[in-house]
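Each remark here refers to the structure printed beneath this line.
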Amino acid sequence: MIPDSELHTIPLNNNHNLSSFNCLSRELNDFLKNDALNDQKSLISRTSLCFWNDELVGYFTLIADTIEAKAVIDGLEHYEYRKYPGVKIARLAIDSRFERKGIGTYLLLAAIGKTLSVCDSIGCRYILVDSKKNSIGFYQKNEFKLVEKYKNREFVPMYLNMQPIVVEINLETKD
Ligand SMILES: CC(C)(COP(=O)(O)OP(=O)(O)OC[C@H]1O[C@@H](n2cnc3c(N)ncnc32)[C@H](O)[C@@H]1OP(=O)(O)O)[C@@H](O)C(=O)NCCC(=O)NCCS
């Protein structure tokens, strides 16, 4: 395991050298190297890179999104809109040499942290992800629920309710 104190995340910029990054998914490698910066400049997505000892070990990309109100089991009782607002983890990947060392969890918490600051100023009830089949266990371990009716899709929609997290943080900061 790599201790969180040895990891740091910074926003992607023009000066980063991304060539060494290699995770198990070609699509996730290609996105980072070819599209992430342009998408960021066009305000389509925002990418954060994670470094350990000056080595690029992972990244995640966030976008604004929504989830169907009917898809969640922890929605509000008298909600009058068709969708809930949220932030989606559009990409999250760890370099294959660094898998299973706690970096994925660290980046998920960093993504939740960014979502919390969105919740401060913009309505945003869920953090969302369309998970690859073999990563579902990783998100479930981190309290994400899957959308039952779409569980056979190639990418399975999953969600985490931000409300209990916001409540807990507000209680902690009052102490
Ligand atoms: C899935 C991924 C993000 C996990 O990151 P990671 O750094 O390897 O995960 P961590 O070391 O933080 O693991 C945290 C826990 O989740 C578990 N876990 C990790 N990957 C898992 C998986 N694919 N399925 C089930 N559990 C998994 C670990 O065993 C660990 O459990 P433990 O604390 O009981 O030991 C990473 O393996 C990855 O980038 N994979 C390839 C790309 C990908 O699939 N991205 C997701 C796109 S939706």
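Scheme for the structure tokens: letters A, B, ... for chains in order shown; per-chain residue numbers from 1; ligand numbers from 1 in order shown.
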
Closest-contact table, range 99-174 of chain A side, partner range 38-50 of chain A, 12 Å, counting only C-alpha atoms, as a Markdown table:
| residue | atom | partner | partner_atom | distance |
| --- | --- | --- | --- | --- |
| A:Ile103 | CA | A:Cys50 | CA | 8.5 |
| A:Gly104 | CA | A:Cys50 | CA | 10.0 |
| A:Thr105 | CA | A:Cys50 | CA | 11.9 |
| A:Tyr106 | CA | A:Cys50 | CA | 9.3 |
| A:Leu107 | CA | A:Cys50 | CA | 7.7 |
| A:Leu108 | CA | A:Ser48 | CA | 11.4 |
| A:Ala110 | CA | A:Ser48 | CA | 9.2 |
| A:Ala111 | CA | A:Ser48 | CA | 9.0 |
| A:Lys114 | CA | A:Ser48 | CA | 10.4 |

Checklist entry - Skipping near chain neighbours, those fewer than 2 positions away, what residues fall within 10 Å of range 55-60 of chain A using only C-alpha atoms, listed as a PyMOL selection string? => result chain A and resi 7+9-12+16-23+28+32+46-53+62+89-99+103-104+107-108+110-111

Checklist entry - Quick one: DSSP strand (DSSP E) residues in range 35-174 of chain A, as an MDAnalysis selection string? => result chainID A and resid 46:52 55:68 83:94 126:132 145:146 155:161

Atoms kept (N, CA and C atoms) for selection, written as a CSV table (one decimal), in the first residue's frame:
chain,number,residue,atom,x,y,z
A,46,ARG,N,-13.1,17.9,-16.6
A,46,ARG,CA,-11.9,18.3,-15.9
A,46,ARG,C,-11.2,17.1,-15.4
A,47,THR,N,-9.9,17.1,-15.6
A,47,THR,CA,-9.1,15.9,-15.2
A,47,THR,C,-8.1,16.3,-14.2
A,48,SER,N,-7.9,15.4,-13.2
A,48,SER,CA,-6.9,15.6,-12.2
A,48,SER,C,-5.9,14.4,-12.3
A,49,LEU,N,-4.7,14.7,-12.2
A,49,LEU,CA,-3.6,13.7,-12.2
A,49,LEU,C,-3.1,13.4,-10.8
A,50,CYS,N,-2.7,12.1,-10.6
A,50,CYS,CA,-2.2,11.7,-9.3
A,50,CYS,C,-0.7,11.3,-9.4
A,51,PHE,N,0.1,11.8,-8.6
A,51,PHE,CA,1.6,11.5,-8.7
A,51,PHE,C,2.0,10.9,-7.4
A,52,TRP,N,3.0,10.0,-7.5
A,52,TRP,CA,3.7,9.4,-6.4
A,52,TRP,C,5.2,9.5,-6.8
A,55,GLU,N,6.0,10.4,-10.2
A,55,GLU,CA,5.6,9.4,-11.3
A,55,GLU,C,4.0,9.5,-11.4
A,56,LEU,N,3.6,9.6,-12.6
A,56,LEU,CA,2.1,9.7,-12.9
A,56,LEU,C,1.5,8.3,-12.6
A,57,VAL,N,0.7,8.1,-11.6
A,57,VAL,CA,0.2,6.8,-11.2
A,57,VAL,C,-1.3,6.6,-11.4
A,58,GLY,N,-2.0,7.7,-11.7
A,58,GLY,CA,-3.5,7.6,-11.9
A,58,GLY,C,-4.1,8.9,-12.3
A,59,TYR,N,-5.3,8.8,-12.7
A,59,TYR,CA,-6.1,10.1,-13.0
A,59,TYR,C,-7.6,9.8,-12.9
A,60,PHE,N,-8.3,11.0,-12.7
A,60,PHE,CA,-9.7,10.9,-12.8
A,60,PHE,C,-10.3,12.1,-13.5
A,61,THR,N,-11.4,11.9,-14.2
A,61,THR,CA,-12.1,13.0,-14.9
A,61,THR,C,-13.5,13.1,-14.5
A,62,LEU,N,-13.9,14.4,-14.2
A,62,LEU,CA,-15.3,14.6,-13.8
A,62,LEU,C,-16.1,15.5,-14.8
A,63,ILE,N,-17.4,15.2,-14.9
A,63,ILE,CA,-18.3,16.0,-15.7
A,63,ILE,C,-19.6,16.2,-14.9
A,64,ALA,N,-20.4,17.2,-15.3
A,64,ALA,CA,-21.7,17.4,-14.8
A,64,ALA,C,-22.6,16.4,-15.4
A,65,ASP,N,-23.6,15.8,-14.7
A,65,ASP,CA,-24.5,14.8,-15.3
A,65,ASP,C,-25.8,14.7,-14.4
A,66,THR,N,-26.7,13.9,-14.8
A,66,THR,CA,-27.9,13.6,-14.1
A,66,THR,C,-28.2,12.1,-14.0
A,67,ILE,N,-29.0,11.7,-13.1
A,67,ILE,CA,-29.5,10.3,-13.1
A,67,ILE,C,-31.0,10.3,-13.0
A,68,GLU,N,-31.6,9.4,-13.7
A,68,GLU,CA,-33.1,9.3,-13.7
A,68,GLU,C,-33.6,9.1,-12.3
A,83,LYS,N,-35.2,13.8,-13.2
A,83,LYS,CA,-33.8,13.5,-12.9
A,83,LYS,C,-33.3,14.2,-11.7
A,84,TYR,N,-32.2,13.6,-11.1
A,84,TYR,CA,-31.5,14.2,-10.0
A,84,TYR,C,-30.2,14.8,-10.6
A,85,PRO,N,-29.7,15.9,-10.1
A,85,PRO,CA,-28.4,16.4,-10.5
A,85,PRO,C,-27.3,15.7,-9.8
A,86,GLY,N,-26.1,15.6,-10.5
A,86,GLY,CA,-25.0,14.9,-9.9
A,86,GLY,C,-23.7,15.3,-10.7
A,87,VAL,N,-22.6,14.7,-10.1
A,87,VAL,CA,-21.3,14.8,-10.8
A,87,VAL,C,-20.9,13.4,-11.2
A,88,LYS,N,-20.4,13.3,-12.4
A,88,LYS,CA,-20.0,11.9,-12.9
A,88,LYS,C,-18.5,11.7,-12.9
A,89,ILE,N,-18.1,10.6,-12.4
A,89,ILE,CA,-16.7,10.2,-12.7
A,89,ILE,C,-16.7,9.6,-14.1
A,90,ALA,N,-16.2,10.4,-15.0
A,90,ALA,CA,-16.3,9.9,-16.4
A,90,ALA,C,-15.1,9.0,-16.7
A,91,ARG,N,-14.0,9.2,-16.0
A,91,ARG,CA,-12.9,8.2,-16.2
A,91,ARG,C,-12.2,8.2,-14.8
A,92,LEU,N,-11.7,7.0,-14.5
A,92,LEU,CA,-10.8,6.8,-13.3
A,92,LEU,C,-9.9,5.7,-13.6
A,93,ALA,N,-8.6,5.9,-13.6
A,93,ALA,CA,-7.7,4.8,-13.9
A,93,ALA,C,-6.4,4.8,-13.2
A,94,ILE,N,-5.9,3.7,-12.9
A,94,ILE,CA,-4.6,3.5,-12.1
A,94,ILE,C,-3.6,2.8,-13.1
A,126,TYR,N,-26.0,13.4,-6.2
A,126,TYR,CA,-25.3,12.1,-6.4
A,126,TYR,C,-23.9,12.3,-7.0
A,127,ILE,N,-23.1,11.4,-6.7
A,127,ILE,CA,-21.9,11.2,-7.5
A,127,ILE,C,-22.1,9.9,-8.3
A,128,LEU,N,-21.8,9.9,-9.6
A,128,LEU,CA,-22.2,8.9,-10.5
A,128,LEU,C,-21.0,8.3,-11.2
A,129,VAL,N,-21.2,7.0,-11.7
A,129,VAL,CA,-20.1,6.4,-12.5
A,129,VAL,C,-20.8,5.4,-13.4
A,130,ASP,N,-20.3,5.2,-14.6
A,130,ASP,CA,-20.7,4.1,-15.4
A,130,ASP,C,-19.6,3.1,-15.3
A,131,SER,N,-19.7,2.1,-14.5
A,131,SER,CA,-18.6,1.2,-14.2
A,131,SER,C,-18.4,0.1,-15.2
A,132,LYS,N,-17.1,-0.2,-15.5
A,132,LYS,CA,-16.8,-1.4,-16.3
A,132,LYS,C,-17.2,-2.6,-15.4
A,145,LYS,N,-24.1,2.2,-5.1
A,145,LYS,CA,-25.1,1.3,-5.4
A,145,LYS,C,-25.2,1.1,-7.0
A,146,LEU,N,-25.6,0.0,-7.4
A,146,LEU,CA,-25.8,-0.1,-8.9
A,146,LEU,C,-27.3,0.0,-9.3
A,155,PHE,N,-21.5,-1.0,-19.5
A,155,PHE,CA,-21.1,-0.1,-18.4
A,155,PHE,C,-22.3,0.0,-17.5
A,156,VAL,N,-22.1,-0.3,-16.3
A,156,VAL,CA,-23.2,-0.3,-15.3
A,156,VAL,C,-23.3,1.0,-14.5
A,157,PRO,N,-24.4,1.7,-14.7
A,157,PRO,CA,-24.6,2.9,-13.9
A,157,PRO,C,-24.6,2.7,-12.4
A,158,MET,N,-23.8,3.5,-11.7
A,158,MET,CA,-23.8,3.3,-10.2
A,158,MET,C,-23.8,4.7,-9.6
A,159,TYR,N,-24.2,4.8,-8.3
A,159,TYR,CA,-24.4,6.1,-7.7
A,159,TYR,C,-24.2,6.1,-6.2
A,160,LEU,N,-23.8,7.2,-5.7
A,160,LEU,CA,-23.5,7.4,-4.3
A,160,LEU,C,-24.2,8.7,-3.9
A,161,ASN,N,-25.1,8.6,-2.9
A,161,ASN,CA,-25.9,9.7,-2.4
A,161,ASN,C,-24.9,10.6,-1.6

Checklist entry - Tell me, which residues of chain A carry DSSP helix (DSSP H, G or I), written as a PyMOL selection string? => result chain A and resi 4-6+26-41+69-71+96-98+103-121+133-141+148-150+163-174

Checklist entry - Could you pull the residues within 10 Å of Gln163 in chain A, counting only C-alpha atoms, minus those fewer than 6 positions along the same chain, as a list in words? => result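 That gives Leu116, Cys119, Cys124, Arg125, Tyr126 and Ile169 of chain A.
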
Could you take the residues named above and write them with C-alpha atoms, as a PDB file, in the first residue's frame?
ATOM      1  CA  LEU A 116     -18.525  18.166  -1.942  1.00  0.00           C
ATOM      2  CA  CYS A 119     -22.548  20.660  -3.360  1.00  0.00           C
ATOM      3  CA  CYS A 124     -25.809  18.051  -6.679  1.00  0.00           C
ATOM      4  CA  ARG A 125     -27.282  15.013  -4.910  1.00  0.00           C
ATOM      5  CA  TYR A 126     -25.300  12.120  -6.386  1.00  0.00           C
ATOM      6  CA  ILE A 169     -19.227  16.731   7.450  1.00  0.00           C
TER       7      ILE A 169
END
